[in-house]
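Visitor: One file: start-v2.cif (mmCIF, C-alpha atoms).
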```
data_entry
loop_
_atom_site.group_PDB
_atom_site.id
_atom_site.type_symbol
_atom_site.label_atom_id
_atom_site.label_comp_id
_atom_site.auth_asym_id
_atom_site.auth_seq_id
_atom_site.Cartn_x
_atom_site.Cartn_y
_atom_site.Cartn_z
ATOM 1 C CA MET V 1 0.000 0.000 0.000
ATOM 2 C CA SER V 2 1.471 3.356 -1.008
ATOM 3 C CA THR V 3 1.735 6.290 1.381
ATOM 4 C CA VAL V 4 0.740 9.766 0.259
ATOM 5 C CA ILE V 5 2.799 12.527 1.874
ATOM 6 C CA GLU V 6 0.882 15.760 2.244
ATOM 7 C CA ILE V 7 3.102 18.826 1.989
ATOM 8 C CA ASP V 8 2.210 22.322 3.123
ATOM 9 C CA PHE V 9 3.596 24.455 0.268
ATOM 10 C CA SER V 10 2.094 27.669 1.631
ATOM 11 C CA LYS V 11 4.608 27.776 4.495
ATOM 12 C CA ARG V 12 8.270 27.728 3.532
ATOM 13 C CA LEU V 13 11.568 28.063 5.358
ATOM 14 C CA GLU V 14 14.398 29.583 3.386
ATOM 15 C CA ILE V 15 18.057 29.241 4.378
ATOM 16 C CA LYS V 16 20.176 31.749 2.483
ATOM 17 C CA ILE V 17 23.957 31.782 2.858
ATOM 18 C CA ASP V 18 25.584 34.969 1.585
ATOM 19 C CA ASN V 19 29.031 33.481 1.170
ATOM 20 C CA LYS V 20 32.296 35.278 0.379
ATOM 21 C CA GLN V 21 34.260 32.091 -0.302
ATOM 22 C CA PRO V 22 33.123 28.834 -1.959
ATOM 23 C CA VAL V 23 31.307 26.641 0.563
ATOM 24 C CA GLY V 24 32.494 23.068 0.923
ATOM 25 C CA LEU V 25 29.929 20.488 -0.143
ATOM 26 C CA GLU V 26 30.514 18.465 3.022
ATOM 27 C CA ASP V 27 30.070 21.527 5.253
ATOM 28 C CA LEU V 28 26.813 22.472 3.521
ATOM 29 C CA SER V 29 25.485 18.903 3.557
ATOM 30 C CA LEU V 30 26.274 18.365 7.250
ATOM 31 C CA SER V 31 24.765 21.763 8.091
ATOM 32 C CA LEU V 32 21.457 20.903 6.404
ATOM 33 C CA LEU V 33 21.422 17.364 7.840
ATOM 34 C CA SER V 34 21.991 18.681 11.363
ATOM 35 C CA PHE V 35 19.334 21.342 10.815
ATOM 36 C CA ASN V 36 16.886 18.587 9.836
ATOM 37 C CA LYS V 37 17.855 16.397 12.820
ATOM 38 C CA GLN V 38 17.279 19.234 15.262
ATOM 39 C CA PHE V 39 13.916 20.035 13.630
ATOM 40 C CA HIS V 40 12.986 16.360 13.964
ATOM 41 C CA LYS V 41 13.927 16.382 17.653
ATOM 42 C CA PHE V 42 11.930 19.580 18.188
ATOM 43 C CA VAL V 43 8.783 18.099 16.657
ATOM 44 C CA GLU V 44 9.144 14.806 18.527
ATOM 45 C CA SER V 45 9.708 16.573 21.862
ATOM 46 C CA GLU V 46 6.660 18.799 21.424
ATOM 47 C CA THR V 47 4.209 16.030 20.478
ATOM 48 C CA ASP V 48 3.241 12.713 21.957
ATOM 49 C CA ALA V 49 3.713 9.294 20.383
ATOM 50 C CA LEU V 50 0.091 9.164 19.210
ATOM 51 C CA THR V 51 0.246 12.425 17.262
ATOM 52 C CA ASP V 52 0.572 11.835 13.531
ATOM 53 C CA ILE V 53 2.783 14.644 12.325
ATOM 54 C CA GLY V 54 5.608 14.800 9.818
ATOM 55 C CA SER V 55 8.969 15.696 11.303
ATOM 56 C CA GLU V 56 11.157 15.766 8.213
ATOM 57 C CA LEU V 57 12.142 18.829 6.229
ATOM 58 C CA LEU V 58 11.984 18.491 2.455
ATOM 59 C CA ILE V 59 13.951 20.492 -0.106
ATOM 60 C CA LYS V 60 11.585 22.290 -2.462
ATOM 61 C CA GLU V 61 14.088 24.324 -4.417
ATOM 62 C CA VAL V 62 17.769 25.267 -4.546
ATOM 63 C CA ARG V 63 18.123 28.643 -6.262
ATOM 64 C CA LYS V 64 21.111 30.297 -7.912
ATOM 65 C CA GLY V 65 22.950 33.359 -6.686
ATOM 66 C CA SER V 66 23.926 32.955 -3.070
ATOM 67 C CA ILE V 67 23.290 29.511 -1.659
ATOM 68 C CA ILE V 68 19.519 29.490 -1.166
ATOM 69 C CA VAL V 69 17.744 26.349 0.003
ATOM 70 C CA GLU V 70 13.966 26.460 0.323
ATOM 71 C CA LEU V 71 12.470 23.889 2.678
ATOM 72 C CA VAL V 72 8.937 22.715 3.324
ATOM 73 C CA SER V 73 7.531 20.299 5.886
ATOM 74 C CA GLN V 74 4.955 17.568 5.834
ATOM 75 C CA SER V 75 1.565 18.836 6.888
ATOM 76 C CA ALA V 76 -1.071 17.446 9.205
ATOM 77 C CA PRO V 77 -4.400 18.845 10.397
ATOM 78 C CA ILE V 78 -3.042 19.067 13.937
ATOM 79 C CA VAL V 79 -0.170 21.459 13.085
ATOM 80 C CA PRO V 80 -2.066 24.784 13.352
ATOM 81 C CA LEU V 81 -3.427 23.651 16.702
ATOM 82 C CA LEU V 82 0.066 22.927 18.046
ATOM 83 C CA TRP V 83 1.945 25.987 16.835
ATOM 84 C CA ASP V 84 0.723 29.415 15.895
ATOM 85 C CA GLY V 85 1.952 29.939 12.337
ATOM 86 C CA GLY V 86 2.868 26.291 11.859
ATOM 87 C CA SER V 87 5.846 24.141 12.772
ATOM 88 C CA LEU V 88 8.331 25.979 10.513
ATOM 89 C CA ALA V 89 7.668 29.362 12.134
ATOM 90 C CA GLN V 90 7.940 27.868 15.596
ATOM 91 C CA TRP V 91 11.136 26.034 14.628
ATOM 92 C CA ALA V 92 12.685 29.253 13.319
ATOM 93 C CA SER V 93 11.988 30.799 16.732
ATOM 94 C CA VAL V 94 13.693 27.838 18.408
ATOM 95 C CA VAL V 95 16.729 28.324 16.145
ATOM 96 C CA GLN V 96 16.902 32.013 17.010
ATOM 97 C CA ASN V 97 16.447 31.423 20.751
ATOM 98 C CA THR V 98 19.094 28.683 20.782
ATOM 99 C CA CYS V 99 21.603 30.848 18.921
ATOM 100 C CA ASN V 100 20.905 33.788 21.241
ATOM 101 C CA TRP V 101 21.509 31.552 24.265
ATOM 102 C CA LEU V 102 24.784 30.278 22.800
ATOM 103 C CA LEU V 103 25.769 33.902 22.161
ATOM 104 C CA GLY V 104 25.013 34.848 25.771
ATOM 105 C CA LYS V 105 22.115 37.097 24.769
ATOM 106 C CA SER V 106 19.538 34.989 26.607
ATOM 107 C CA ASP V 107 19.428 33.109 29.917
ATOM 108 C CA ASN V 108 16.757 30.695 28.692
ATOM 109 C CA SER V 109 18.703 27.518 27.922
ATOM 110 C CA PRO V 110 17.198 24.989 25.484
ATOM 111 C CA LYS V 111 15.555 21.898 26.927
ATOM 112 C CA ASN V 112 17.502 18.630 27.129
ATOM 113 C CA LEU V 113 20.511 19.891 25.172
ATOM 114 C CA THR V 114 22.937 16.952 24.883
ATOM 115 C CA LYS V 115 26.532 16.747 23.702
ATOM 116 C CA GLN V 116 25.285 15.394 20.355
ATOM 117 C CA ASP V 117 22.875 18.331 20.044
ATOM 118 C CA LEU V 118 25.709 20.783 20.650
ATOM 119 C CA GLN V 119 27.814 19.089 18.005
ATOM 120 C CA GLU V 120 24.948 19.359 15.514
ATOM 121 C CA TRP V 121 24.472 23.067 16.243
ATOM 122 C CA ASN V 122 28.197 23.418 15.621
ATOM 123 C CA LYS V 123 27.712 21.857 12.166
ATOM 124 C CA ILE V 124 24.684 24.037 11.396
ATOM 125 C CA VAL V 125 26.725 27.253 11.610
ATOM 126 C CA GLU V 126 29.961 25.793 10.177
ATOM 127 C CA PRO V 127 29.510 27.077 6.571
ATOM 128 C CA ILE V 128 29.563 30.719 7.696
ATOM 129 C CA ALA V 129 31.782 30.384 10.780
ATOM 130 C CA LYS V 130 34.789 29.661 8.564
ATOM 131 C CA ASP V 131 33.897 32.291 5.925
ATOM 132 C CA ASN V 132 34.625 35.746 7.333
ATOM 133 C CA GLY V 133 32.078 38.348 6.254
ATOM 134 C CA SER V 134 29.416 35.834 5.264
ATOM 135 C CA GLN V 135 26.015 35.468 6.895
ATOM 136 C CA MET V 136 23.082 33.084 7.138
ATOM 137 C CA ASN V 137 19.515 34.310 6.726
ATOM 138 C CA ILE V 138 16.639 32.133 7.907
ATOM 139 C CA ASN V 139 13.232 33.284 6.700
ATOM 140 C CA VAL V 140 9.822 31.699 7.165
ATOM 141 C CA SER V 141 7.025 32.781 4.863
ATOM 142 C CA ASP V 142 3.321 32.049 4.844
ATOM 143 C CA GLY V 143 1.619 32.533 1.492
ATOM 144 C CA GLY V 144 4.587 34.620 0.304
ATOM 145 C CA LYS V 145 4.586 36.916 3.369
ATOM 146 C CA VAL V 146 7.643 36.746 5.662
ATOM 147 C CA ILE V 147 6.465 35.973 9.205
ATOM 148 C CA ASN V 148 9.801 35.158 10.829
ATOM 149 C CA GLN V 149 13.336 36.271 9.989
ATOM 150 C CA PHE V 150 16.677 35.613 11.666
ATOM 151 C CA ILE V 151 20.142 36.703 10.498
ATOM 152 C CA LEU V 152 23.388 35.205 11.796
ATOM 153 C CA SER V 153 26.764 36.728 10.925
ATOM 154 C CA SER V 154 30.044 34.845 10.521
ATOM 155 C CA ASN V 155 31.394 36.473 13.694
ATOM 156 C CA GLU V 156 28.344 35.310 15.634
ATOM 157 C CA ALA V 157 28.677 31.807 14.184
ATOM 158 C CA ALA V 158 32.321 31.675 15.297
ATOM 159 C CA ALA V 159 31.301 32.866 18.782
ATOM 160 C CA ILE V 160 28.633 30.140 18.894
ATOM 161 C CA GLN V 161 31.222 27.504 18.015
ATOM 162 C CA ASN V 162 33.565 28.799 20.721
ATOM 163 C CA ARG V 163 30.771 28.578 23.304
ATOM 164 C CA ILE V 164 29.866 25.072 22.112
ATOM 165 C CA GLY V 165 33.497 24.036 22.455
ATOM 166 C CA ARG V 166 33.528 25.179 26.084
ATOM 167 C CA LEU V 167 30.223 23.449 26.849
ATOM 168 C CA VAL V 168 31.378 20.161 25.314
ATOM 169 C CA GLU V 169 34.636 20.410 27.265
ATOM 170 C CA ASP V 170 32.661 20.872 30.489
ATOM 171 C CA ILE V 171 30.636 17.767 29.680
ATOM 172 C CA ASP V 172 33.691 15.671 28.856
ATOM 173 C CA THR V 173 36.009 16.849 31.623
ATOM 174 C CA PRO V 174 34.895 16.474 35.235
ATOM 175 C CA VAL V 175 36.567 18.930 37.593
ATOM 176 C CA GLU V 176 38.329 17.297 40.549
ATOM 177 C CA ASN V 177 38.798 18.913 43.960
ATOM 178 C CA ARG V 178 40.595 17.485 46.970
ATOM 179 C CA HIS V 179 39.236 17.996 50.498
ATOM 180 C CA LEU V 180 41.134 16.897 53.591
ATOM 181 C CA LYS V 181 39.827 15.479 56.887
ATOM 182 C CA LYS V 182 36.098 15.789 56.255
ATOM 183 C CA VAL V 183 33.323 14.010 58.166
ATOM 184 C CA MET V 184 31.575 11.452 55.972
ATOM 185 C CA TYR V 185 28.581 9.321 56.955
ATOM 186 C CA TRP V 186 26.661 6.769 54.968
ATOM 187 C CA TYR V 187 23.311 7.515 53.361
ATOM 188 C CA GLN V 188 22.897 4.256 51.461
ATOM 189 C CA THR V 189 24.972 1.090 51.263
ATOM 190 C CA LYS V 190 24.694 -2.079 49.241
ATOM 191 C CA PHE V 191 26.507 -4.151 51.905
ATOM 192 C CA ASP V 192 28.636 -5.700 49.168
ATOM 193 C CA ARG V 193 32.355 -5.768 49.786
ATOM 194 C CA ASN V 194 33.027 -6.613 46.142
ATOM 195 C CA SER V 195 31.186 -3.692 44.580
ATOM 196 C CA ASP V 196 30.880 0.066 45.032
ATOM 197 C CA THR V 197 27.575 0.230 43.164
ATOM 198 C CA GLY V 198 24.791 1.615 45.323
ATOM 199 C CA ASN V 199 27.057 3.100 48.000
ATOM 200 C CA LYS V 200 26.255 6.741 48.743
ATOM 201 C CA ALA V 201 27.457 9.049 51.487
ATOM 202 C CA ILE V 202 27.061 12.624 52.691
ATOM 203 C CA ILE V 203 29.777 15.135 53.540
ATOM 204 C CA ASP V 204 27.886 18.153 54.843
ATOM 205 C CA ASP V 205 30.829 20.528 54.339
ATOM 206 C CA ILE V 206 30.773 19.814 50.606
ATOM 207 C CA SER V 207 27.184 18.939 49.680
ATOM 208 C CA LYS V 208 23.946 18.198 51.515
ATOM 209 C CA SER V 209 23.108 15.653 48.816
ATOM 210 C CA ALA V 210 24.137 12.006 48.974
ATOM 211 C CA LEU V 211 26.780 11.228 46.361
ATOM 212 C CA LYS V 212 28.187 7.991 44.999
ATOM 213 C CA VAL V 213 31.334 6.772 46.762
ATOM 214 C CA ILE V 214 34.326 4.973 45.290
ATOM 215 C CA PHE V 215 37.649 4.126 46.950
ATOM 216 C CA GLU V 216 41.182 4.840 45.842
ATOM 217 C CA ASN V 217 42.124 1.197 46.467
ATOM 218 C CA ASN V 218 40.683 -2.007 47.920
ATOM 219 C CA ALA V 219 42.965 -1.945 50.965
ATOM 220 C CA LEU V 220 41.505 1.393 52.027
ATOM 221 C CA LYS V 221 37.995 0.095 51.494
ATOM 222 C CA GLU V 222 38.622 -3.037 53.580
ATOM 223 C CA GLU V 223 40.062 -0.942 56.395
ATOM 224 C CA MET V 224 36.952 1.239 56.525
ATOM 225 C CA LEU V 225 34.718 -1.836 56.575
ATOM 226 C CA HIS V 226 36.428 -3.120 59.726
ATOM 227 C CA PRO V 227 36.333 -0.280 62.290
ATOM 228 C CA ASP V 228 37.291 -0.696 65.962
ATOM 229 C CA PRO V 229 34.772 -3.135 67.539
ATOM 230 C CA SER V 230 34.690 -0.996 70.699
ATOM 231 C CA LEU V 231 32.600 1.557 68.800
ATOM 232 C CA GLY V 232 29.704 -0.910 69.138
ATOM 233 C CA LYS V 233 28.109 -0.248 65.751
ATOM 234 C CA PRO V 234 28.471 -1.691 62.252
ATOM 235 C CA TRP V 235 30.538 0.345 59.791
ATOM 236 C CA GLN V 236 27.555 1.653 57.834
ATOM 237 C CA GLU V 237 26.210 3.422 60.952
ATOM 238 C CA LEU V 238 29.460 5.219 61.813
ATOM 239 C CA ALA V 239 30.951 8.536 60.767
ATOM 240 C CA PHE V 240 34.439 8.652 59.287
ATOM 241 C CA ILE V 241 37.120 11.283 58.836
ATOM 242 C CA VAL V 242 38.414 11.044 55.274
ATOM 243 C CA ASP V 243 40.362 12.793 52.559
ATOM 244 C CA VAL V 244 38.287 12.847 49.382
ATOM 245 C CA GLU V 245 38.533 13.940 45.804
ATOM 246 C CA VAL V 246 35.237 15.446 44.663
ATOM 247 C CA GLN V 247 34.421 14.920 41.027
ATOM 248 C CA THR V 248 32.043 17.514 39.649
ATOM 249 C CA VAL V 249 30.297 17.941 36.326
ATOM 250 C CA ARG V 250 29.186 21.424 35.237
ATOM 251 C CA GLY V 251 30.167 22.699 38.642
ATOM 252 C CA LYS V 252 28.001 20.275 40.617
ATOM 253 C CA PRO V 253 29.463 17.537 42.880
ATOM 254 C CA LYS V 254 28.727 14.077 41.489
ATOM 255 C CA MET V 255 31.020 11.581 43.232
ATOM 256 C CA TYR V 256 33.447 11.143 46.136
ATOM 257 C CA ASN V 257 36.694 9.263 45.655
ATOM 258 C CA VAL V 258 37.972 8.355 49.145
ATOM 259 C CA LEU V 259 41.751 8.854 49.167
ATOM 260 C CA ASN V 260 42.576 8.349 52.829
ATOM 261 C CA TYR V 261 40.910 7.303 56.075
ATOM 262 C CA TYR V 262 41.763 8.268 59.680
ATOM 263 C CA PRO V 263 40.583 5.301 61.805
ATOM 264 C CA GLU V 264 41.449 6.968 65.112
ATOM 265 C CA TYR V 265 38.822 9.648 64.473
ATOM 266 C CA THR V 266 35.926 7.302 63.602
ATOM 267 C CA PHE V 267 32.905 8.003 65.795
ATOM 268 C CA ASP V 268 29.203 7.324 66.389
ATOM 269 C CA PRO V 269 27.255 10.266 64.844
ATOM 270 C CA ASP V 270 24.317 9.619 67.206
ATOM 271 C CA GLU V 271 26.344 10.295 70.331
ATOM 272 C CA PRO V 272 25.764 13.710 71.938
#
```
Render the structure in this file as structure tokens.
Guide:
Amino acid sequence: MSTVIEIDFSKRLEIKIDNKQPVGLEDLSLSLLSFNKQFHKFVESETDALTDIGSELLIKEVRKGSIIVELVSQSAPIVPLLWDGGSLAQWASVVQNTCNWLLGKSDNSPKNLTKQDLQEWNKIVEPIAKDNGSQMNINVSDGGKVINQFILSSNEAAAIQNRIGRLVEDIDTPVENRHLKKVMYWYQTKFDRNSDTGNKAIIDDISKSALKVIFENNALKEEMLHPDPSLGKPWQELAFIVDVEVQTVRGKPKMYNVLNYYPEYTFDPDEP
């Protein structure tokens, strides 16, 4: 059985690149592919699984002069009810808002922006970022009337790529901080001497939240699991004095790596 794709030709999105230097075919192709992927993610994130709506951009025309690509989207009766002006107009606003956030012009960060998303936004602006003096114009028209317009210069594209580079670096590189002789007590333990999975502890001086705990070596771990019997409590109910390395991601503590343990200072946290 054949499938008929309905296309809304009245609403069009035009990407125009006013280039100063020839644009590499790979750069242009990856830019358009990433643009389409991000549009697809936008549509999928704004609708539920039962909503029948096209989420693929289609090339209607490539015109001469500057690089001009005219895109249309699949249509569905539900589109006008979801977005005022249609999905293309709303998507153009998302593009503008995302670029403004990456440029530091807006504090409203995009939802669920992953490392892969950042890399795709990097590809979207690549054709003009490397061509000084060029610019990208994104226009959405409805029945021939422009209803949304966004212009991005080569300098802005380069600034966006610099910001993306810093964000990706933050994602890839946890920051490590060492803290000496801190009180640590257990929030959750798996009671498994052969695994660290499920073990969480709190160090109030660093974070009020319970964080995952790992140990620098097994000898240190075994020593902590066998405190002085005179304390009268199992190890998971005691408080310990430790040196830890705090691993953080995007400035937030995520995990403690216990480097050293001071057995003589172990105590019962419930004692007055």
Visitor: Which residues fall under the PyMOL selection byres ((chain V and resi 95) around 10) in this file, as a ChimeraX atom specification?
Guide: /V:35,38-39,89-94,96-101,110,121,138,150
Visitor: Go ahead and write the selection's residues with C-alpha atoms as a CSV table (one decimal), keeping the file's coordinate frame.
Guide:
```csv
chain,number,residue,atom,x,y,z
V,35,PHE,CA,19.3,21.3,10.8
V,38,GLN,CA,17.3,19.2,15.3
V,39,PHE,CA,13.9,20.0,13.6
V,89,ALA,CA,7.7,29.4,12.1
V,90,GLN,CA,7.9,27.9,15.6
V,91,TRP,CA,11.1,26.0,14.6
V,92,ALA,CA,12.7,29.3,13.3
V,93,SER,CA,12.0,30.8,16.7
V,94,VAL,CA,13.7,27.8,18.4
V,96,GLN,CA,16.9,32.0,17.0
V,97,ASN,CA,16.4,31.4,20.8
V,98,THR,CA,19.1,28.7,20.8
V,99,CYS,CA,21.6,30.8,18.9
V,100,ASN,CA,20.9,33.8,21.2
V,101,TRP,CA,21.5,31.6,24.3
V,110,PRO,CA,17.2,25.0,25.5
V,121,TRP,CA,24.5,23.1,16.2
V,138,ILE,CA,16.6,32.1,7.9
V,150,PHE,CA,16.7,35.6,11.7
```
Visitor: Spell out the residues picked by the PyMOL selection byres ((chain V and resi 179) around 8) here, as a ChimeraX atom specification.
Guide: /V:177-178,180-182,243-246
Visitor: Neighbouring residues of Ser154 of chain V were defined as those with any atom within 12 Å, considering all atoms listed in the file; residues of the same chain fewer than 3 positions away were excluded. Please report them as a PDB file with C-alpha atoms, keeping the file's coordinate frame.
Guide:
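part28.pdb was written with the following content:
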```pdb
ATOM      1  CA  ILE V  17      23.957  31.782   2.858  1.00  0.00           C
ATOM      2  CA  ASP V  18      25.584  34.969   1.585  1.00  0.00           C
ATOM      3  CA  ASN V  19      29.031  33.481   1.170  1.00  0.00           C
ATOM      4  CA  LYS V  20      32.296  35.278   0.379  1.00  0.00           C
ATOM      5  CA  GLN V  21      34.260  32.091  -0.302  1.00  0.00           C
ATOM      6  CA  VAL V 125      26.725  27.253  11.610  1.00  0.00           C
ATOM      7  CA  GLU V 126      29.961  25.793  10.177  1.00  0.00           C
ATOM      8  CA  PRO V 127      29.510  27.077   6.571  1.00  0.00           C
ATOM      9  CA  ILE V 128      29.563  30.719   7.696  1.00  0.00           C
ATOM     10  CA  ALA V 129      31.782  30.384  10.780  1.00  0.00           C
ATOM     11  CA  LYS V 130      34.789  29.661   8.564  1.00  0.00           C
ATOM     12  CA  ASP V 131      33.897  32.291   5.925  1.00  0.00           C
ATOM     13  CA  ASN V 132      34.625  35.746   7.333  1.00  0.00           C
ATOM     14  CA  GLY V 133      32.078  38.348   6.254  1.00  0.00           C
ATOM     15  CA  SER V 134      29.416  35.834   5.264  1.00  0.00           C
ATOM     16  CA  GLN V 135      26.015  35.468   6.895  1.00  0.00           C
ATOM     17  CA  MET V 136      23.082  33.084   7.138  1.00  0.00           C
ATOM     18  CA  ASN V 137      19.515  34.310   6.726  1.00  0.00           C
ATOM     19  CA  ILE V 151      20.142  36.703  10.498  1.00  0.00           C
ATOM     20  CA  ALA V 157      28.677  31.807  14.184  1.00  0.00           C
ATOM     21  CA  ALA V 158      32.321  31.675  15.297  1.00  0.00           C
ATOM     22  CA  ALA V 159      31.301  32.866  18.782  1.00  0.00           C
ATOM     23  CA  ILE V 160      28.633  30.140  18.894  1.00  0.00           C
ATOM     24  CA  GLN V 161      31.222  27.504  18.015  1.00  0.00           C
TER      25      GLN V 161
END
```
Visitor: Which residues, named as in the file, does the PyMOL selection byres ((chain V and resi 139-144) around 8) pick out? Answer as a list in words.
Guide: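 Selection result, ordered by chain and number: Ser10, Lys11, Arg12, Leu13, Glu14, Ile15, Gly85, Leu88, Ala89, Ala92, Asn137, Ile138, Lys145, Val146, Ile147, Asn148, Gln149 and Phe150 of chain V.
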Visitor: Which is closest to Lys37 of chain V among V:Leu25, V:Val242, V:Ile124, V:Ile214, if we use all atoms listed in the file?
Guide: V:Ile124
Visitor: May I ask for the distance between atom CA of Met255 of chain V and atom CA of Val213 of chain V, given in Å to one decimal place?
Guide: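 Between atom CA of Met255 of chain V and atom CA of Val213 of chain V the gap works out to 6.0 Å.
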Visitor: Just to confirm, what's the straight-line distance from atom CA of Pro269 of chain V to atom CA of Gln236 of chain V in Å (one decimal)?
Guide: 11.1 Å
Visitor: What's around Leu238 of chain V at 6 Å? Count only C-alpha atoms, leave out sequence neighbours fewer than 3 positions away in its own chain, and write the answer as a ChimeraX atom specification.
Guide: /V:235,267-268
Visitor: Write out, as a compact mmCIF listing (two decimals), in the frame of the given file, the residues just selected, with C-alpha atoms.
Guide:
```
# COMPACT_ATOMS: atom_id res chain seq x y z
CA TRP V 235 30.54 0.34 59.79
CA PHE V 267 32.90 8.00 65.80
CA ASP V 268 29.20 7.32 66.39
```
Visitor: Might you pull out every residue within 7 Å of Lys212 of chain V, with only C-alpha atoms counted and same-chain residues fewer than 5 positions away left off, and present them as a short mmCIF file (atom, residue, chain, number, x, y, z; two decimals) with C-alpha atoms, in the coordinates of the input?
Guide:
```cif
data_model
loop_
_atom_site.label_atom_id
_atom_site.label_comp_id
_atom_site.auth_asym_id
_atom_site.auth_seq_id
_atom_site.Cartn_x
_atom_site.Cartn_y
_atom_site.Cartn_z
CA ASN V 199 27.06 3.10 48.00
CA LYS V 200 26.26 6.74 48.74
CA ALA V 201 27.46 9.05 51.49
CA MET V 255 31.02 11.58 43.23
CA TYR V 256 33.45 11.14 46.14
#
```
Visitor: In Å, with one decimal, what is the gap from atom CA of Asp228 of chain V to atom CA of Tyr185 of chain V?
Guide: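 Computing it gives 16.0 Å between the two atoms.
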Visitor: Which one of V:Glu61, V:Lys208, V:Asn218, V:Val69 sits closest to Ser31 of chain V if you count all atoms listed in the file?
Guide: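 Closest candidate: V:Val69.
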